[in-house]
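Working notes, beginning with the structure itself.
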Amino acid sequence: MKLLPFSKMQGVGNDFVVVAEEMVSSLSLPALARLLCQRRFSVGADGLLVVGRGERAPVRMRMFNPDGSEDMCGNGLRCVAQWARRRGLVDGSCFIVETVDGDKQVELLPDGRVRVELGEPRFAPEEVPVLAEETDVLNLPVSLPHRQVRVAALSTGSTHSVLFVDTLPSDDLFWQESPMIENHPLFPQRTSVLWTVVESPSRLRMRIWERGAGETLACGTGACAAAVAAQLRGLTGKTVEVHSAGGVLQVEWHPGEPMRLTGGADLVYEGWYPLEEVKA
């Protein structure tokens, strides 16, 4: 029986299983994610992070959702930055991490938080992607069985749909409509769903449904998406605090520049998982 060493990490409640790429290079990574991310039956996590040496940078990250789909993750990127420093893959506090969404600048701050640059948001329908004839995807109608909602659809490295609401949804509404929007035919690669309340020009509050994962306590690329959409609607300024069930993230965005996401990233524990077989 093979024992797989792993680290359990979390960024404001978004939790991950982190493994070294060299330890899993012969395995099906989607299948490994489905195995390790099962709550109650395995380690349990919002995603699997596979970390190794990059071709252009000292670190490369791949992230897989609990359903095995590969994605980009801002909170995961911050965890990878801390993990890479602890493992000696980097020496300084500023370095580049290769991701499925391109190379990302990360910075380990003196207070223990991590700041990452996630590139510029994307709004073109083919880049979100969303199957919409409208060019204004920031006010996109989405027809559900019993009503129509309007979302701001954009990509911040991952596909997001932001719903601005007066109050966060009840459990019944959240669990009924979030998966409908995630799997709506408008979104060929599915979408995460961010129910968002604007509490002030510098503060947002969210309840989060992530594609491939379901409800999560936080979402870094989602926090960026909500902050960008709110700013473009004139609801907030260029720097906002985004509050979710797991904690607080800070997002800063100036149009034409990369989005900057800052928050905590912590090691929870380390262990070994017994791998008898990983089926693709």
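Identifiers for the structure tokens are assigned positionally: chains receive A, B, ... in sequence, residues are indexed from 1 per chain, and ligands are indexed from 1 in the order shown.
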
Open item on the list: List as a PyMOL selection string the protein and nucleic acid residues near Ala33 in chain A, meaning an atom at most 10 Å away when only C-alpha atoms are counted, but skip any in the same chain fewer than 2 places from it.
Closed with: chain A and resi 17+28-31+35-38+44-50+63-70+278

TODO: Run DSSP on the backbone and give me the residues of range 151-264 of chain A it puts in strand (DSSP E or B), as an NGL selection string.
DONE: :A and (151-155 or 159-164 or 192-200 or 203-210 or 214-216 or 239-244 or 247-252 or 260-263)

Could you save those same residues with N, CA and C atoms as a short mmCIF file (atom, residue, chain, number, x, y, z; two decimals), in the first residue's frame?
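File produced: part.cif:
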```
data_model
loop_
_atom_site.label_atom_id
_atom_site.label_comp_id
_atom_site.auth_asym_id
_atom_site.auth_seq_id
_atom_site.Cartn_x
_atom_site.Cartn_y
_atom_site.Cartn_z
N VAL A 151 -27.62 38.53 -13.98
CA VAL A 151 -26.31 38.29 -13.39
C VAL A 151 -25.26 39.12 -14.13
N ALA A 152 -24.18 39.38 -13.44
CA ALA A 152 -22.98 39.91 -14.08
C ALA A 152 -22.08 38.71 -14.35
N ALA A 153 -21.89 38.36 -15.62
CA ALA A 153 -21.09 37.19 -15.99
C ALA A 153 -19.72 37.67 -16.45
N LEU A 154 -18.67 37.13 -15.84
CA LEU A 154 -17.31 37.50 -16.20
C LEU A 154 -16.35 36.40 -15.76
N SER A 155 -15.15 36.47 -16.30
CA SER A 155 -14.10 35.53 -15.90
C SER A 155 -13.00 36.27 -15.17
N THR A 159 -15.03 31.04 -14.40
CA THR A 159 -16.30 31.64 -14.80
C THR A 159 -17.16 31.94 -13.59
N HIS A 160 -17.66 33.18 -13.50
CA HIS A 160 -18.49 33.58 -12.37
C HIS A 160 -19.73 34.31 -12.83
N SER A 161 -20.81 34.14 -12.04
CA SER A 161 -22.04 34.89 -12.22
C SER A 161 -22.37 35.56 -10.90
N VAL A 162 -22.41 36.89 -10.92
CA VAL A 162 -22.66 37.67 -9.71
C VAL A 162 -24.12 38.12 -9.70
N LEU A 163 -24.85 37.77 -8.63
CA LEU A 163 -26.22 38.23 -8.45
C LEU A 163 -26.22 39.26 -7.32
N PHE A 164 -26.57 40.49 -7.63
CA PHE A 164 -26.67 41.51 -6.58
C PHE A 164 -28.07 41.43 -5.97
N SER A 192 -19.66 29.47 -11.49
CA SER A 192 -19.88 29.67 -10.07
C SER A 192 -20.93 30.77 -9.88
N VAL A 193 -21.61 30.75 -8.74
CA VAL A 193 -22.72 31.67 -8.51
C VAL A 193 -22.45 32.42 -7.21
N LEU A 194 -22.40 33.75 -7.30
CA LEU A 194 -22.04 34.59 -6.17
C LEU A 194 -23.21 35.49 -5.80
N TRP A 195 -23.92 35.14 -4.75
CA TRP A 195 -25.00 35.99 -4.25
C TRP A 195 -24.34 37.10 -3.42
N THR A 196 -24.55 38.36 -3.81
CA THR A 196 -23.73 39.45 -3.29
C THR A 196 -24.60 40.60 -2.79
N VAL A 197 -24.31 41.04 -1.57
CA VAL A 197 -24.96 42.22 -0.98
C VAL A 197 -23.91 43.33 -0.88
N VAL A 198 -24.25 44.51 -1.37
CA VAL A 198 -23.38 45.69 -1.22
C VAL A 198 -23.75 46.36 0.09
N GLU A 199 -22.87 46.22 1.10
CA GLU A 199 -23.16 46.79 2.42
C GLU A 199 -22.68 48.23 2.54
N SER A 200 -21.67 48.60 1.75
CA SER A 200 -21.17 49.98 1.72
C SER A 200 -20.28 50.10 0.49
N ARG A 203 -17.45 47.61 1.10
CA ARG A 203 -17.71 46.32 1.77
C ARG A 203 -18.80 45.54 1.04
N LEU A 204 -18.47 44.29 0.69
CA LEU A 204 -19.43 43.36 0.10
C LEU A 204 -19.58 42.15 1.01
N ARG A 205 -20.74 41.50 0.91
CA ARG A 205 -20.95 40.23 1.62
C ARG A 205 -21.49 39.22 0.61
N MET A 206 -20.96 37.97 0.64
CA MET A 206 -21.33 36.98 -0.35
C MET A 206 -21.73 35.65 0.28
N ARG A 207 -22.60 34.94 -0.44
CA ARG A 207 -22.81 33.52 -0.22
C ARG A 207 -22.45 32.84 -1.54
N ILE A 208 -21.68 31.75 -1.47
CA ILE A 208 -20.95 31.27 -2.64
C ILE A 208 -21.34 29.84 -3.00
N TRP A 209 -21.63 29.67 -4.30
CA TRP A 209 -21.81 28.34 -4.87
C TRP A 209 -20.77 28.18 -5.96
N GLU A 210 -19.79 27.29 -5.77
CA GLU A 210 -18.72 27.13 -6.74
C GLU A 210 -19.00 25.97 -7.68
N GLY A 214 -20.02 23.05 -5.16
CA GLY A 214 -21.17 23.37 -4.34
C GLY A 214 -20.88 24.54 -3.42
N GLU A 215 -21.56 24.61 -2.28
CA GLU A 215 -21.36 25.76 -1.38
C GLU A 215 -19.98 25.68 -0.75
N THR A 216 -19.28 26.81 -0.75
CA THR A 216 -17.99 26.94 -0.08
C THR A 216 -18.01 28.18 0.81
N THR A 239 -11.08 49.63 -3.99
CA THR A 239 -10.63 48.68 -2.98
C THR A 239 -11.81 48.33 -2.08
N VAL A 240 -12.07 47.02 -1.94
CA VAL A 240 -13.20 46.61 -1.12
C VAL A 240 -12.80 45.42 -0.25
N GLU A 241 -13.49 45.28 0.87
CA GLU A 241 -13.43 44.07 1.68
C GLU A 241 -14.60 43.19 1.26
N VAL A 242 -14.31 41.92 1.01
CA VAL A 242 -15.34 40.97 0.64
C VAL A 242 -15.49 39.96 1.76
N HIS A 243 -16.65 39.96 2.39
CA HIS A 243 -16.92 39.10 3.54
C HIS A 243 -17.72 37.89 3.09
N SER A 244 -17.32 36.72 3.55
CA SER A 244 -18.07 35.50 3.33
C SER A 244 -18.05 34.69 4.61
N GLY A 247 -14.49 34.26 6.20
CA GLY A 247 -13.63 35.36 6.60
C GLY A 247 -13.66 36.50 5.60
N VAL A 248 -12.57 37.27 5.59
CA VAL A 248 -12.52 38.52 4.81
C VAL A 248 -11.35 38.47 3.84
N LEU A 249 -11.62 38.88 2.61
CA LEU A 249 -10.59 39.06 1.59
C LEU A 249 -10.60 40.51 1.14
N GLN A 250 -9.44 41.03 0.79
CA GLN A 250 -9.35 42.38 0.25
C GLN A 250 -9.07 42.29 -1.25
N VAL A 251 -9.85 43.04 -2.01
CA VAL A 251 -9.69 43.07 -3.46
C VAL A 251 -9.43 44.51 -3.89
N GLU A 252 -8.41 44.68 -4.71
CA GLU A 252 -8.11 45.99 -5.29
C GLU A 252 -8.05 45.84 -6.80
N ARG A 260 -5.85 42.50 -7.63
CA ARG A 260 -4.99 42.11 -6.51
C ARG A 260 -5.86 41.58 -5.37
N LEU A 261 -5.55 40.38 -4.94
CA LEU A 261 -6.32 39.69 -3.91
C LEU A 261 -5.42 39.42 -2.72
N THR A 262 -5.87 39.82 -1.52
CA THR A 262 -5.05 39.66 -0.31
C THR A 262 -5.86 38.97 0.77
N GLY A 263 -5.24 37.98 1.41
CA GLY A 263 -5.90 37.28 2.50
C GLY A 263 -4.98 36.25 3.12
#
```

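CA of Asp15 in chain A lies 28.3 Å from CA of Asp166 in chain A.
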
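Between CA of Gln189 in chain A and CA of Trp83 in chain A the separation is 29.3 Å.
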
- [ ] Point out the residue among A:Val43, A:Pro125, A:Thr156, A:Ser93 with the least atom-to-atom distance to Trp272 in chain A, counting only C-alpha atoms.
- [x] A:Val43
